[in-house]
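A.B. asks: Input structure: protein21.pdb, which contains PDB, C-alpha atoms (C1' of nucleotides).
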ATOM      1  CA  MET X1230     100.246 104.154 108.277
ATOM      2  CA  PRO X1231      99.833 104.522 104.670
ATOM      3  CA  GLU X1232      97.287 107.159 103.896
ATOM      4  CA  LEU X1233      96.929 108.798 100.513
ATOM      5  CA  PRO X1234     100.258 110.707 100.533
ATOM      6  CA  GLU X1235     102.240 107.644 101.579
ATOM      7  CA  VAL X1236     100.650 105.421  98.931
ATOM      8  CA  GLU X1237     101.135 108.121  96.310
ATOM      9  CA  THR X1238     104.793 108.533  97.260
ATOM     10  CA  THR X1239     105.326 104.816  96.825
ATOM     11  CA  ARG X1240     103.333 104.776  93.598
ATOM     12  CA  ARG X1241     105.463 107.461  92.010
ATOM     13  CA  HIS X1242     108.649 105.542  92.595
ATOM     14  CA  LEU X1243     107.254 102.215  91.475
ATOM     15  CA  ALA X1244     105.641 103.772  88.393
ATOM     16  CA  ALA X1245     109.063 105.014  87.343
ATOM     17  CA  HIS X1246     110.910 101.750  87.901
ATOM     18  CA  LEU X1247     108.527  98.789  87.769
ATOM     19  CA  PRO X1248     106.656  98.767  84.431
ATOM     20  CA  GLY X1249     108.161  96.277  82.020
ATOM     21  CA  ALA X1250     109.616  94.111  84.764
ATOM     22  CA  ARG X1251     108.868  90.401  84.694
ATOM     23  CA  VAL X1252     108.113  88.351  87.780
ATOM     24  CA  VAL X1253     110.169  85.145  87.804
ATOM     25  CA  ALA X1254     109.317  83.851  91.268
ATOM     26  CA  VAL X1255     106.895  84.542  94.102
ATOM     27  CA  GLU X1256     107.924  83.747  97.666
ATOM     28  CA  LEU X1257     105.183  83.810 100.284
ATOM     29  CA  LEU X1258     106.950  83.815 103.620
ATOM     30  CA  ASP X1259     103.601  84.418 105.285
ATOM     31  CA  PRO X1260     100.716  83.176 103.133
ATOM     32  CA  ARG X1261      98.325  85.399 105.097
ATOM     33  CA  ALA X1262      99.704  88.274 103.037
ATOM     34  CA  VAL X1263      97.611  87.030 100.095
ATOM     35  CA  TRP X1264      93.873  87.614 100.232
ATOM     36  CA  ARG X1265      92.806  85.938  97.006
ATOM     37  CA  PRO X1266      92.912  83.708  95.184
ATOM     38  CA  ASP X1267      94.552  81.154  97.460
ATOM     39  CA  PRO X1268      98.299  81.700  97.975
ATOM     40  CA  ALA X1269      99.416  78.863  95.703
ATOM     41  CA  THR X1270      97.240  80.043  92.812
ATOM     42  CA  PHE X1271      98.317  83.627  93.409
ATOM     43  CA  ALA X1272     101.977  82.618  93.120
ATOM     44  CA  THR X1273     101.402  80.488  90.033
ATOM     45  CA  ARG X1274      99.465  83.172  88.217
ATOM     46  CA  LEU X1275     102.024  85.902  88.950
ATOM     47  CA  THR X1276     105.053  83.832  88.026
ATOM     48  CA  GLY X1277     106.191  84.787  84.527
ATOM     49  CA  MET X1278     103.875  87.808  84.489
ATOM     50  CA  ASP X1279     104.920  91.136  82.992
ATOM     51  CA  LEU X1280     104.118  94.198  85.103
ATOM     52  CA  GLY X1281     102.573  97.346  83.653
ATOM     53  CA  ASP X1282     101.445 100.708  84.969
ATOM     54  CA  VAL X1283     101.317 101.412  88.690
ATOM     55  CA  ARG X1284      98.278 103.362  89.799
ATOM     56  CA  ARG X1285      96.587 104.453  92.996
ATOM     57  CA  ARG X1286      92.995 104.641  94.153
ATOM     58  CA  ALA X1287      92.584 106.015  97.656
ATOM     59  CA  LYS X1288      94.951 103.914  99.796
ATOM     60  CA  TYR X1289      95.031 101.058  97.298
ATOM     61  CA  LEU X1290      98.019 100.542  95.014
ATOM     62  CA  VAL X1291      97.195  98.881  91.688
ATOM     63  CA  VAL X1292      99.749  97.233  89.390
ATOM     64  CA  ASP X1293      98.365  96.441  85.953
ATOM     65  CA  LEU X1294      99.275  92.986  84.682
ATOM     66  CA  ARG X1295      99.955  91.958  81.098
ATOM     67  CA  ASP X1296      97.006  89.556  81.110
ATOM     68  CA  GLY X1297      94.557  92.376  81.839
ATOM     69  CA  ASP X1298      94.071  91.646  85.529
ATOM     70  CA  HIS X1299      95.500  93.679  88.381
ATOM     71  CA  LEU X1300      97.664  93.189  91.426
ATOM     72  CA  VAL X1301      96.072  95.196  94.244
ATOM     73  CA  VAL X1302      97.850  96.041  97.481
ATOM     74  CA  HIS X1303      96.449  97.538 100.674
ATOM     75  CA  ARG X1304      99.020  98.202 103.352
ATOM     76  CA  ARG X1305      96.673  98.745 106.300
ATOM     77  CA  MET X1306      98.693  99.910 109.297
ATOM     78  CA  THR X1307     102.332  98.956 108.840
ATOM     79  CA  GLY X1308     102.749  97.482 105.375
ATOM     80  CA  ASN X1309     105.556  98.650 103.094
ATOM     81  CA  LEU X1310     106.482  97.891  99.491
ATOM     82  CA  LEU X1311     110.209  98.008  98.879
ATOM     83  CA  LEU X1312     111.862  97.770  95.475
ATOM     84  CA  ARG X1313     115.325  96.410  96.206
ATOM     85  CA  GLU X1314     118.382  96.019  94.003
ATOM     86  CA  PRO X1315     119.924  92.571  93.480
ATOM     87  CA  ALA X1316     121.671  91.209  96.583
ATOM     88  CA  ALA X1317     120.232  93.890  98.844
ATOM     89  CA  PRO X1318     120.341  92.893 102.521
ATOM     90  CA  PRO X1319     117.144  91.398 103.945
ATOM     91  CA  ASP X1320     114.347  93.625 105.236
ATOM     92  CA  GLU X1321     112.637  93.035 108.564
ATOM     93  CA  HIS X1322     109.105  91.668 108.607
ATOM     94  CA  THR X1323     109.154  90.558 104.973
ATOM     95  CA  VAL X1324     105.989  88.578 104.284
ATOM     96  CA  ALA X1325     106.215  88.204 100.495
ATOM     97  CA  VAL X1326     108.740  88.727  97.709
ATOM     98  CA  LEU X1327     108.231  89.117  93.963
ATOM     99  CA  ARG X1328     111.560  88.253  92.371
ATOM    100  CA  LEU X1329     112.074  90.087  89.083
ATOM    101  CA  ALA X1330     113.931  88.873  85.982
ATOM    102  CA  ASP X1331     116.698  91.478  86.359
ATOM    103  CA  GLY X1332     117.476  90.372  89.904
ATOM    104  CA  ARG X1333     115.582  93.101  91.693
ATOM    105  CA  GLU X1334     112.979  92.204  94.299
ATOM    106  CA  LEU X1335     109.666  93.800  95.171
ATOM    107  CA  ARG X1336     109.354  93.058  98.873
ATOM    108  CA  PHE X1337     106.148  93.258 100.863
ATOM    109  CA  CYS X1338     107.036  93.930 104.489
ATOM    110  CA  ASP X1339     104.541  94.264 107.320
ATOM    111  CA  LEU X1340     105.192  94.266 111.040
ATOM    112  CA  ARG X1341     101.588  93.814 112.113
ATOM    113  CA  ARG X1342     100.633  91.513 109.250
ATOM    114  CA  PHE X1343      97.332  93.217 108.471
ATOM    115  CA  ALA X1344      98.403  94.191 104.960
ATOM    116  CA  ARG X1345      97.073  92.244 101.997
ATOM    117  CA  MET X1346      97.743  91.793  98.304
ATOM    118  CA  TRP X1347      95.439  90.121  95.828
ATOM    119  CA  LEU X1348      94.609  89.631  92.169
ATOM    120  CA  ALA X1349      91.555  91.406  90.786
ATOM    121  CA  THR X1350      89.747  91.259  87.471
ATOM    122  CA  PRO X1351      88.792  94.550  85.796
ATOM    123  CA  ALA X1352      85.224  94.014  87.031
ATOM    124  CA  GLU X1353      86.420  93.478  90.585
ATOM    125  CA  LEU X1354      88.586  96.582  90.394
ATOM    126  CA  ALA X1355      85.629  98.567  89.070
ATOM    127  CA  ALA X1356      83.517  97.363  91.993
ATOM    128  CA  LEU X1357      86.223  98.469  94.414
ATOM    129  CA  ASP X1358      86.347 101.844  92.702
ATOM    130  CA  ARG X1359      82.592 102.281  93.017
ATOM    131  CA  SER X1360      82.687 101.491  96.720
ATOM    132  CA  LEU X1361      84.972 104.460  97.370
ATOM    133  CA  GLY X1362      84.222 108.169  97.577
ATOM    134  CA  PRO X1363      85.913 110.807  95.426
ATOM    135  CA  GLU X1364      89.661 111.304  95.251
ATOM    136  CA  PRO X1365      90.276 114.472  97.262
ATOM    137  CA  LEU X1366      92.990 115.689  94.881
ATOM    138  CA  SER X1367      90.955 115.137  91.729
ATOM    139  CA  PRO X1368      89.188 117.954  89.846
ATOM    140  CA  GLU X1369      85.827 116.428  90.696
ATOM    141  CA  PHE X1370      86.426 117.060  94.397
ATOM    142  CA  THR X1371      85.154 120.622  94.514
ATOM    143  CA  ALA X1372      83.928 122.593  97.501
ATOM    144  CA  GLU X1373      80.414 122.013  96.150
ATOM    145  CA  ARG X1374      81.016 118.270  96.122
ATOM    146  CA  LEU X1375      82.267 118.407  99.702
ATOM    147  CA  ALA X1376      79.217 120.446 100.666
ATOM    148  CA  SER X1377      76.942 117.738  99.274
ATOM    149  CA  ILE X1378      78.878 115.072 101.189
ATOM    150  CA  LEU X1379      78.446 117.008 104.429
ATOM    151  CA  ALA X1380      74.843 118.065 103.863
ATOM    152  CA  ASN X1381      72.147 116.342 105.907
ATOM    153  CA  ARG X1382      74.721 114.311 107.810
ATOM    154  CA  ARG X1383      74.494 114.546 111.548
ATOM    155  CA  ARG X1384      77.691 112.566 111.924
ATOM    156  CA  ALA X1385      80.705 114.201 113.466
ATOM    157  CA  LEU X1386      83.304 115.455 110.993
ATOM    158  CA  LYS X1387      86.020 113.077 112.185
ATOM    159  CA  PRO X1388      84.292 109.743 111.499
ATOM    160  CA  LEU X1389      82.767 111.097 108.295
ATOM    161  CA  LEU X1390      86.142 112.141 106.880
ATOM    162  CA  LEU X1391      87.593 108.762 107.850
ATOM    163  CA  ASP X1392      84.771 106.968 106.016
ATOM    164  CA  GLN X1393      86.269 105.885 102.697
ATOM    165  CA  ARG X1394      82.800 105.758 101.118
ATOM    166  CA  ALA X1395      82.429 109.496 101.739
ATOM    167  CA  ILE X1396      85.931 110.667 100.780
ATOM    168  CA  ALA X1397      88.681 108.224  99.879
ATOM    169  CA  GLY X1398      92.271 108.373 101.046
ATOM    170  CA  LEU X1399      92.240 110.257 104.317
ATOM    171  CA  GLY X1400      93.341 108.499 107.497
ATOM    172  CA  ASN X1401      93.780 109.459 111.108
ATOM    173  CA  ILE X1402      96.787 111.740 110.674
ATOM    174  CA  TYR X1403      95.567 113.791 107.760
ATOM    175  CA  VAL X1404      92.014 114.107 109.094
ATOM    176  CA  ASP X1405      93.301 115.612 112.340
ATOM    177  CA  GLU X1406      95.617 117.909 110.410
ATOM    178  CA  ALA X1407      92.955 119.002 107.932
ATOM    179  CA  LEU X1408      90.483 119.802 110.700
ATOM    180  CA  PHE X1409      93.156 121.810 112.485
ATOM    181  CA  ALA X1410      94.036 123.695 109.319
ATOM    182  CA  ALA X1411      90.350 124.448 108.765
ATOM    183  CA  GLY X1412      89.754 125.483 112.374
ATOM    184  CA  LEU X1413      87.028 122.889 112.891
ATOM    185  CA  ARG X1414      86.453 120.686 115.926
ATOM    186  CA  PRO X1415      86.529 116.937 115.137
ATOM    187  CA  THR X1416      83.238 116.431 116.984
ATOM    188  CA  ARG X1417      81.459 119.152 115.031
ATOM    189  CA  GLY X1418      78.361 117.860 113.273
ATOM    190  CA  ALA X1419      78.876 117.702 109.519
ATOM    191  CA  ASP X1420      75.595 119.471 108.808
ATOM    192  CA  THR X1421      76.432 122.458 111.014
ATOM    193  CA  LEU X1422      79.102 123.912 108.736
ATOM    194  CA  GLN X1423      78.541 127.264 107.091
ATOM    195  CA  PRO X1424      79.562 127.712 103.442
ATOM    196  CA  ALA X1425      82.760 129.468 104.525
ATOM    197  CA  ASP X1426      83.589 126.512 106.802
ATOM    198  CA  VAL X1427      83.145 124.100 103.902
ATOM    199  CA  GLU X1428      85.428 126.215 101.719
ATOM    200  CA  ARG X1429      88.119 126.195 104.405
ATOM    201  CA  LEU X1430      87.797 122.451 104.971
ATOM    202  CA  HIS X1431      87.991 121.763 101.243
ATOM    203  CA  ALA X1432      91.154 123.844 100.897
ATOM    204  CA  ALA X1433      92.623 122.316 104.069
ATOM    205  CA  ILE X1434      92.098 118.716 102.944
ATOM    206  CA  ARG X1435      93.871 119.375  99.675
ATOM    207  CA  ALA X1436      96.634 121.382 101.324
ATOM    208  CA  VAL X1437      97.551 118.801 103.953
ATOM    209  CA  LEU X1438      97.550 115.969 101.392
ATOM    210  CA  GLU X1439      99.658 117.939  98.909
ATOM    211  CA  GLN X1440     102.100 118.878 101.636
ATOM    212  CA  GLY X1441     102.295 115.236 102.701
ATOM    213  CA  ILE X1442     103.144 114.198  99.155
ATOM    214  CA  ARG X1443     105.711 116.988  98.834
ATOM    215  CA  ASN X1444     107.378 115.684 101.995
ATOM    216  CA  GLU X1445     107.206 112.060 100.817
ATOM    217  CA  GLY X1446     104.836 110.974 103.549
ATOM    218  CA  THR X1447     104.651 110.966 107.335
ATOM    219  CA  THR X1448     106.864 108.540 109.254
ATOM    220  CA  PHE X1449     106.266 108.173 112.975
ATOM    221  CA  ARG X1450     107.334 104.553 113.178
ATOM    222  CA  ASP X1451     106.989 102.216 110.272
ATOM    223  CA  TYR X1452     106.239 103.964 107.022
ATOM    224  CA  LEU X1453     108.950 103.724 104.373
ATOM    225  CA  GLY X1454     108.868 104.690 100.708
ATOM    226  CA  ALA X1455     109.688 102.276  97.893
ATOM    227  CA  ILE X1456     113.441 102.636  98.323
ATOM    228  CA  GLY X1457     113.265 102.419 102.095
ATOM    229  CA  GLN X1458     113.267 106.144 102.730
ATOM    230  CA  PRO X1459     111.253 107.596 105.621
ATOM    231  CA  GLY X1460     108.986 110.581 105.008
ATOM    232  CA  ARG X1461     109.599 114.074 106.319
ATOM    233  CA  ASN X1462     106.035 115.245 106.918
ATOM    234  CA  GLN X1463     106.044 114.282 110.599
ATOM    235  CA  HIS X1464     107.914 117.534 111.257
ATOM    236  CA  MET X1465     105.006 119.543 109.843
ATOM    237  CA  MET X1466     102.290 118.448 112.262
ATOM    238  CA  GLY X1467      99.990 121.095 113.715
ATOM    239  CA  VAL X1468      98.260 118.795 116.204
ATOM    240  CA  PHE X1469      98.925 115.119 115.499
ATOM    241  CA  LYS X1470     100.998 113.601 118.318
ATOM    242  CA  ARG X1471     101.441 117.105 119.736
ATOM    243  CA  GLU X1472      99.197 116.744 122.788
ATOM    244  CA  GLY X1473     100.450 118.819 125.713
ATOM    245  CA  LYS X1474     102.401 121.098 123.398
ATOM    246  CA  SER X1475     101.288 124.571 122.461
ATOM    247  CA  CYS X1476      99.348 125.416 119.337
ATOM    248  CA  GLU X1477     101.560 127.188 116.790
ATOM    249  CA  ARG X1478      98.675 129.423 115.871
ATOM    250  CA  CYS X1479      97.203 130.479 119.207
ATOM    251  CA  SER X1480      99.516 128.947 121.855
ATOM    252  CA  ALA X1481      96.728 127.039 123.616
ATOM    253  CA  VAL X1482      97.602 123.524 124.805
ATOM    254  CA  ILE X1483      96.825 120.806 122.242
ATOM    255  CA  LEU X1484      94.464 118.117 123.556
ATOM    256  CA  LYS X1485      94.148 114.443 122.714
ATOM    257  CA  THR X1486      90.800 112.708 123.081
ATOM    258  CA  ARG X1487      89.026 109.738 121.592
ATOM    259  CA  VAL X1488      86.501 110.313 118.828
ATOM    260  CA  ALA X1489      84.842 107.454 116.989
ATOM    261  CA  GLY X1490      87.290 105.092 118.653
ATOM    262  CA  ARG X1491      90.327 106.857 117.248
ATOM    263  CA  GLY X1492      92.950 108.953 118.990
ATOM    264  CA  THR X1493      92.066 112.525 118.043
ATOM    265  CA  HIS X1494      94.192 115.645 118.418
ATOM    266  CA  TYR X1495      92.927 119.229 118.302
ATOM    267  CA  CYS X1496      93.403 122.742 119.544
ATOM    268  CA  PRO X1497      90.543 123.661 121.884
ATOM    269  CA  ARG X1498      90.920 127.361 121.161
ATOM    270  CA  CYS X1499      91.204 127.636 117.397
ATOM    271  CA  GLN X1500      89.071 124.664 116.410
ATOM    272  CA  ARG X1501      85.353 125.339 116.878
TER     273      ARG X1501
ATOM    274  C1'  DC P 794      71.434 105.718 109.736
ATOM    275  C1'  DA P 795      74.901 106.086 113.375
ATOM    276  C1'  DA P 796      77.771 104.679 117.159
ATOM    277  C1'  DT P 797      80.471 101.063 119.508
ATOM    278  C1'  DC P 798      83.190  97.190 119.790
ATOM    279  C1'  DA P 799      85.740  93.169 118.651
ATOM    280  C1'  DA P 800      88.826  91.113 115.510
ATOM    281  C1'  DC P 801      92.852  90.785 112.781
ATOM    282  C1'  DC P 802      98.536  91.075 114.524
ATOM    283  C1'  DT P 803     103.139  92.529 116.441
ATOM    284  C1'  DG P 804     105.983  95.402 119.106
ATOM    285  C1'  DG P 805     107.069  99.634 121.747
ATOM    286  C1'  DG P 806     106.245 102.360 125.772
ATOM    287  C1'  DT P 807     104.708 102.879 130.523
ATOM    288  C1'  DG P 808     103.756 101.949 135.172
ATOM    289  C1'  DC P 809     104.145  98.878 139.083
TER     290       DC P 809
ATOM    291  C1'  DT G 323     114.287  92.777 134.908
ATOM    292  C1'  DG G 324     109.781  91.137 134.550
ATOM    293  C1'  DC G 325     105.094  91.637 133.569
ATOM    294  C1'  DA G 326     100.555  93.391 132.744
ATOM    295  C1'  DC G 327      98.444  96.669 130.173
ATOM    296  C1'  DC G 328      97.643 100.262 126.757
ATOM    297  C1'  DC G 329      98.443 102.075 122.352
ATOM    298  C1'  DA G 330      99.267 102.283 117.215
ATOM    299  C1'  DG G 331      98.865 105.283 110.455
ATOM    300  C1'  DG G 332      93.018 100.616 108.728
ATOM    301  C1'  DT G 333      89.059  98.011 107.578
ATOM    302  C1'  DT G 334      85.252  94.838 108.226
ATOM    303  C1'  DG G 335      81.404  92.809 110.337
ATOM    304  C1'  DA G 336      78.391  92.081 114.302
ATOM    305  C1'  DT G 337      75.678  94.350 117.656
ATOM    306  C1'  DT G 338      72.920  97.953 119.830
TER     307       DT G 338
END
Represent the supplied structure as structure tokens.
C.D. replies:
Amino acid sequence: MPELPEVETTRRHLAAHLPGARVVAVELLDPRAVWRPDPATFATRLTGMDLGDVRRRAKYLVVDLRDGDHLVVHRRMTGNLLLREPAAPPDEHTVAVLRLADGRELRFCDLRRFARMWLATPAELAALDRSLGPEPLSPEFTAERLASILANRRRALKPLLLDQRAIAGLGNIYVDEALFAAGLRPTRGADTLQPADVERLHAAIRAVLEQGIRNEGTTFRDYLGAIGQPGRNQHMMGVFKREGKSCERCSAVILKTRVAGRGTHYCPRCQR
DNA sequence: CAATCAACCTGGGTGC
DNA sequence: TGCACCCAGGTTGATT
């Protein structure tokens, strides 16, 4: 689920309501939700901790801690972070709970149990940052930068755009949508794009991500924002999950294939 | 360097 | 109804 727009939607809510809160208890209903250190140490170190700014890098959510370290969360496929008021009814698939001093709870819920949270030192966070490509909504992500990422790569566009080392934050939904918006076939070799193609792809990547944020994310099944709200972006899809339906732009039938092991949707007429 | 696949998990949908 | 099977928004590591 959570690609850049979904993590950013959650971040914005948490950034407005979490800083200054103090953790008074950590409940690990499923200890697999903690990557490192070990679950018991994780709980001990977070208990009594004051929470600071909430930031995002790619699909990672980062909560700064008073002691200078960071709580990092990656939600993988179905993870959600819910900030609940005191005495709120239970949430399904809760794997961990941070109980806050004012009675609120930050709940980590995850149907498939792939999601992880962990503690990171500033050096570890810096290493994570270095392992990731540019933020597609940052000023440094220019069309020229995208051109250099695509240059001399014989890889198909789809797996390249999904590669977090190349560009960070895109996932299966937004890659399919960006390629549709740019009129480019997912199997097109990255090094075959003309300058005008690169310009269109650059604009399309930013546009689909910004639209996703505006609509508070895409919810097909499991994604929920920090107060449990589903997104609205699923109604804006050009191709994703629209196989068999007609293209809004040219009326051709949308196809679904498999590219790089991922379900891939595209319009055979307007994507070349 | 690139492509493929298995693994990690649970649950929903489909076809028999 | 039951059951086998396929699929799913992500990432990592082994293999070819």
A.B. asks: Could you tell me which residues the PyMOL selection byres ((chain P and resi 794-803) around 7) grabs in this file, written as a PyMOL selection string?
C.D. replies: (chain X and resi 1340-1343) or (chain P and resi 804)
A.B. asks: Could those selected residues go to a file with C-alpha atoms (C1' of nucleotides), as a PDB file, in the frame of the given file?
C.D. replies:
ATOM      1  CA  LEU X1340     105.192  94.266 111.040  1.00  0.00           C
ATOM      2  CA  ARG X1341     101.588  93.814 112.113  1.00  0.00           C
ATOM      3  CA  ARG X1342     100.633  91.513 109.250  1.00  0.00           C
ATOM      4  CA  PHE X1343      97.332  93.217 108.471  1.00  0.00           C
TER       5      PHE X1343
ATOM      6  C1'  DG P 804     105.983  95.402 119.106  1.00  0.00           C
TER       7       DG P 804
END
A.B. asks: Which neighbours of Gln1423 of chain X fall inside 12 Å, counting all atoms listed in the file, when residues of the same chain fewer than 3 positions from it are skipped, and could you give them as a list of chain:residue names?
C.D. replies: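 So, after excluding close chain neighbours, the residues are X:Ala1372, X:Ala1376, X:Leu1379, X:Ala1380, X:Leu1413, X:Arg1417, X:Gly1418, X:Ala1419, X:Asp1420, X:Asp1426, X:Val1427, X:Glu1428, X:Arg1429, X:Leu1430.
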A.B. asks: Just C-alpha atoms for this one: save the residues we selected as a PDB file, keeping the file's coordinate frame.
C.D. replies:
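Result went into again_24.pdb, see below:
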ATOM      1  CA  ALA X1372      83.928 122.593  97.501  1.00  0.00           C
ATOM      2  CA  ALA X1376      79.217 120.446 100.666  1.00  0.00           C
ATOM      3  CA  LEU X1379      78.446 117.008 104.429  1.00  0.00           C
ATOM      4  CA  ALA X1380      74.843 118.065 103.863  1.00  0.00           C
ATOM      5  CA  LEU X1413      87.028 122.889 112.891  1.00  0.00           C
ATOM      6  CA  ARG X1417      81.459 119.152 115.031  1.00  0.00           C
ATOM      7  CA  GLY X1418      78.361 117.860 113.273  1.00  0.00           C
ATOM      8  CA  ALA X1419      78.876 117.702 109.519  1.00  0.00           C
ATOM      9  CA  ASP X1420      75.595 119.471 108.808  1.00  0.00           C
ATOM     10  CA  ASP X1426      83.589 126.512 106.802  1.00  0.00           C
ATOM     11  CA  VAL X1427      83.145 124.100 103.902  1.00  0.00           C
ATOM     12  CA  GLU X1428      85.428 126.215 101.719  1.00  0.00           C
ATOM     13  CA  ARG X1429      88.119 126.195 104.405  1.00  0.00           C
ATOM     14  CA  LEU X1430      87.797 122.451 104.971  1.00  0.00           C
TER      15      LEU X1430
END
A.B. asks: Kindly provide the residues of chain X that approach chain G to within 12 Å, each paired with its closest atom pair and their distance in Å to one decimal, based on only C-alpha atoms (C1' of nucleotides), listed by chain and increasing number, as JSON lines.
C.D. replies:
{"residue": "X:Met1230", "atom": "CA", "partner": "G:DG331", "partner_atom": "C1'", "distance": 2.8}
{"residue": "X:Pro1231", "atom": "CA", "partner": "G:DG331", "partner_atom": "C1'", "distance": 5.9}
{"residue": "X:Glu1232", "atom": "CA", "partner": "G:DG331", "partner_atom": "C1'", "distance": 7.0}
{"residue": "X:Leu1233", "atom": "CA", "partner": "G:DG331", "partner_atom": "C1'", "distance": 10.7}
{"residue": "X:Pro1234", "atom": "CA", "partner": "G:DG331", "partner_atom": "C1'", "distance": 11.4}
{"residue": "X:Glu1235", "atom": "CA", "partner": "G:DG331", "partner_atom": "C1'", "distance": 9.8}
{"residue": "X:Val1236", "atom": "CA", "partner": "G:DG331", "partner_atom": "C1'", "distance": 11.7}
{"residue": "X:Lys1288", "atom": "CA", "partner": "G:DG332", "partner_atom": "C1'", "distance": 9.7}
{"residue": "X:Tyr1289", "atom": "CA", "partner": "G:DG332", "partner_atom": "C1'", "distance": 11.6}
{"residue": "X:His1303", "atom": "CA", "partner": "G:DG332", "partner_atom": "C1'", "distance": 9.3}
{"residue": "X:Arg1304", "atom": "CA", "partner": "G:DG332", "partner_atom": "C1'", "distance": 8.4}
{"residue": "X:Arg1305", "atom": "CA", "partner": "G:DG332", "partner_atom": "C1'", "distance": 4.8}
{"residue": "X:Met1306", "atom": "CA", "partner": "G:DG331", "partner_atom": "C1'", "distance": 5.5}
{"residue": "X:Thr1307", "atom": "CA", "partner": "G:DG331", "partner_atom": "C1'", "distance": 7.4}
{"residue": "X:Gly1308", "atom": "CA", "partner": "G:DG331", "partner_atom": "C1'", "distance": 10.1}
{"residue": "X:Asn1309", "atom": "CA", "partner": "G:DG331", "partner_atom": "C1'", "distance": 12.0}
{"residue": "X:Leu1340", "atom": "CA", "partner": "G:DA330", "partner_atom": "C1'", "distance": 11.7}
{"residue": "X:Arg1341", "atom": "CA", "partner": "G:DA330", "partner_atom": "C1'", "distance": 10.2}
{"residue": "X:Arg1342", "atom": "CA", "partner": "G:DG332", "partner_atom": "C1'", "distance": 11.9}
{"residue": "X:Phe1343", "atom": "CA", "partner": "G:DG332", "partner_atom": "C1'", "distance": 8.6}
{"residue": "X:Ala1344", "atom": "CA", "partner": "G:DG332", "partner_atom": "C1'", "distance": 9.2}
{"residue": "X:Arg1345", "atom": "CA", "partner": "G:DT333", "partner_atom": "C1'", "distance": 11.3}
{"residue": "X:Leu1391", "atom": "CA", "partner": "G:DG332", "partner_atom": "C1'", "distance": 9.8}
{"residue": "X:Asp1392", "atom": "CA", "partner": "G:DT333", "partner_atom": "C1'", "distance": 10.1}
{"residue": "X:Gln1393", "atom": "CA", "partner": "G:DT333", "partner_atom": "C1'", "distance": 9.7}
{"residue": "X:Arg1394", "atom": "CA", "partner": "G:DT333", "partner_atom": "C1'", "distance": 11.9}
{"residue": "X:Gly1398", "atom": "CA", "partner": "G:DG332", "partner_atom": "C1'", "distance": 10.9}
{"residue": "X:Leu1399", "atom": "CA", "partner": "G:DG331", "partner_atom": "C1'", "distance": 10.3}
{"residue": "X:Gly1400", "atom": "CA", "partner": "G:DG331", "partner_atom": "C1'", "distance": 7.0}
{"residue": "X:Asn1401", "atom": "CA", "partner": "G:DG331", "partner_atom": "C1'", "distance": 6.6}
{"residue": "X:Ile1402", "atom": "CA", "partner": "G:DG331", "partner_atom": "C1'", "distance": 6.8}
{"residue": "X:Tyr1403", "atom": "CA", "partner": "G:DG331", "partner_atom": "C1'", "distance": 9.5}
{"residue": "X:Val1404", "atom": "CA", "partner": "G:DG331", "partner_atom": "C1'", "distance": 11.3}
{"residue": "X:Asp1405", "atom": "CA", "partner": "G:DG331", "partner_atom": "C1'", "distance": 11.9}
{"residue": "X:Gly1446", "atom": "CA", "partner": "G:DG331", "partner_atom": "C1'", "distance": 10.8}
{"residue": "X:Thr1447", "atom": "CA", "partner": "G:DG331", "partner_atom": "C1'", "distance": 8.7}
{"residue": "X:Thr1448", "atom": "CA", "partner": "G:DG331", "partner_atom": "C1'", "distance": 8.7}
{"residue": "X:Phe1449", "atom": "CA", "partner": "G:DG331", "partner_atom": "C1'", "distance": 8.3}
{"residue": "X:Arg1450", "atom": "CA", "partner": "G:DG331", "partner_atom": "C1'", "distance": 8.9}
{"residue": "X:Asp1451", "atom": "CA", "partner": "G:DG331", "partner_atom": "C1'", "distance": 8.7}
{"residue": "X:Tyr1452", "atom": "CA", "partner": "G:DG331", "partner_atom": "C1'", "distance": 8.2}
{"residue": "X:Leu1453", "atom": "CA", "partner": "G:DG331", "partner_atom": "C1'", "distance": 11.9}
{"residue": "X:Gln1463", "atom": "CA", "partner": "G:DG331", "partner_atom": "C1'", "distance": 11.5}
{"residue": "X:Phe1469", "atom": "CA", "partner": "G:DG331", "partner_atom": "C1'", "distance": 11.1}
{"residue": "X:Lys1470", "atom": "CA", "partner": "G:DA330", "partner_atom": "C1'", "distance": 11.5}
{"residue": "X:Arg1491", "atom": "CA", "partner": "G:DA330", "partner_atom": "C1'", "distance": 10.0}
{"residue": "X:Gly1492", "atom": "CA", "partner": "G:DA330", "partner_atom": "C1'", "distance": 9.4}
A.B. asks: Between atom CA of Ala1385 of chain X and atom CA of Ala1411 of chain X, what is the distance in Å, rounded to a tenth?
C.D. replies: 14.8 Å
A.B. asks: From (103.5, 91.7, 83.5), in the file's coordinates, out to 6 Å: which residues are reached, counting only C-alpha atoms (C1' of nucleotides)? Answer as number ranges by chain.
C.D. replies: X: 1251, 1278-1281, 1294-1295
A.B. asks: Which polymer residues have any atom within 12 Å of an atom of Val1302 of chain X, counting only C-alpha atoms (C1' of nucleotides), with same-chain residues fewer than 6 positions away left out, as a PyMOL selection string?
C.D. replies: chain X and resi 1231+1236+1239-1240+1262-1265+1283-1293+1308-1310+1325+1336-1338+1343-1349+1354
A.B. asks: Quote the spacing between atom CA of Gln1458 of chain X and atom CA of Ala1317 of chain X in Å to one decimal place.
C.D. replies: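 Computing it gives 14.6 Å between the two atoms.
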A.B. asks: Applied to this file, what does the PyMOL selection byres ((chain X and resi 1445) around 6) return in terms of residues, put as a list in words?
C.D. replies: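 Going through the file, the PyMOL selection byres ((chain X and resi 1445) around 6) ends up selecting Thr1238, Ile1442, Arg1443, Asn1444, Gly1446 and Gly1460 of chain X.
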A.B. asks: Which residues fall under the PyMOL selection byres ((chain X and resi 1475-1490) around 8) in this file, as an MDAnalysis selection string?
C.D. replies: (chainID X and resid 1387:1388 1415:1416 1467:1468 1471:1474 1491:1499) or (chainID P and resid 796:797)
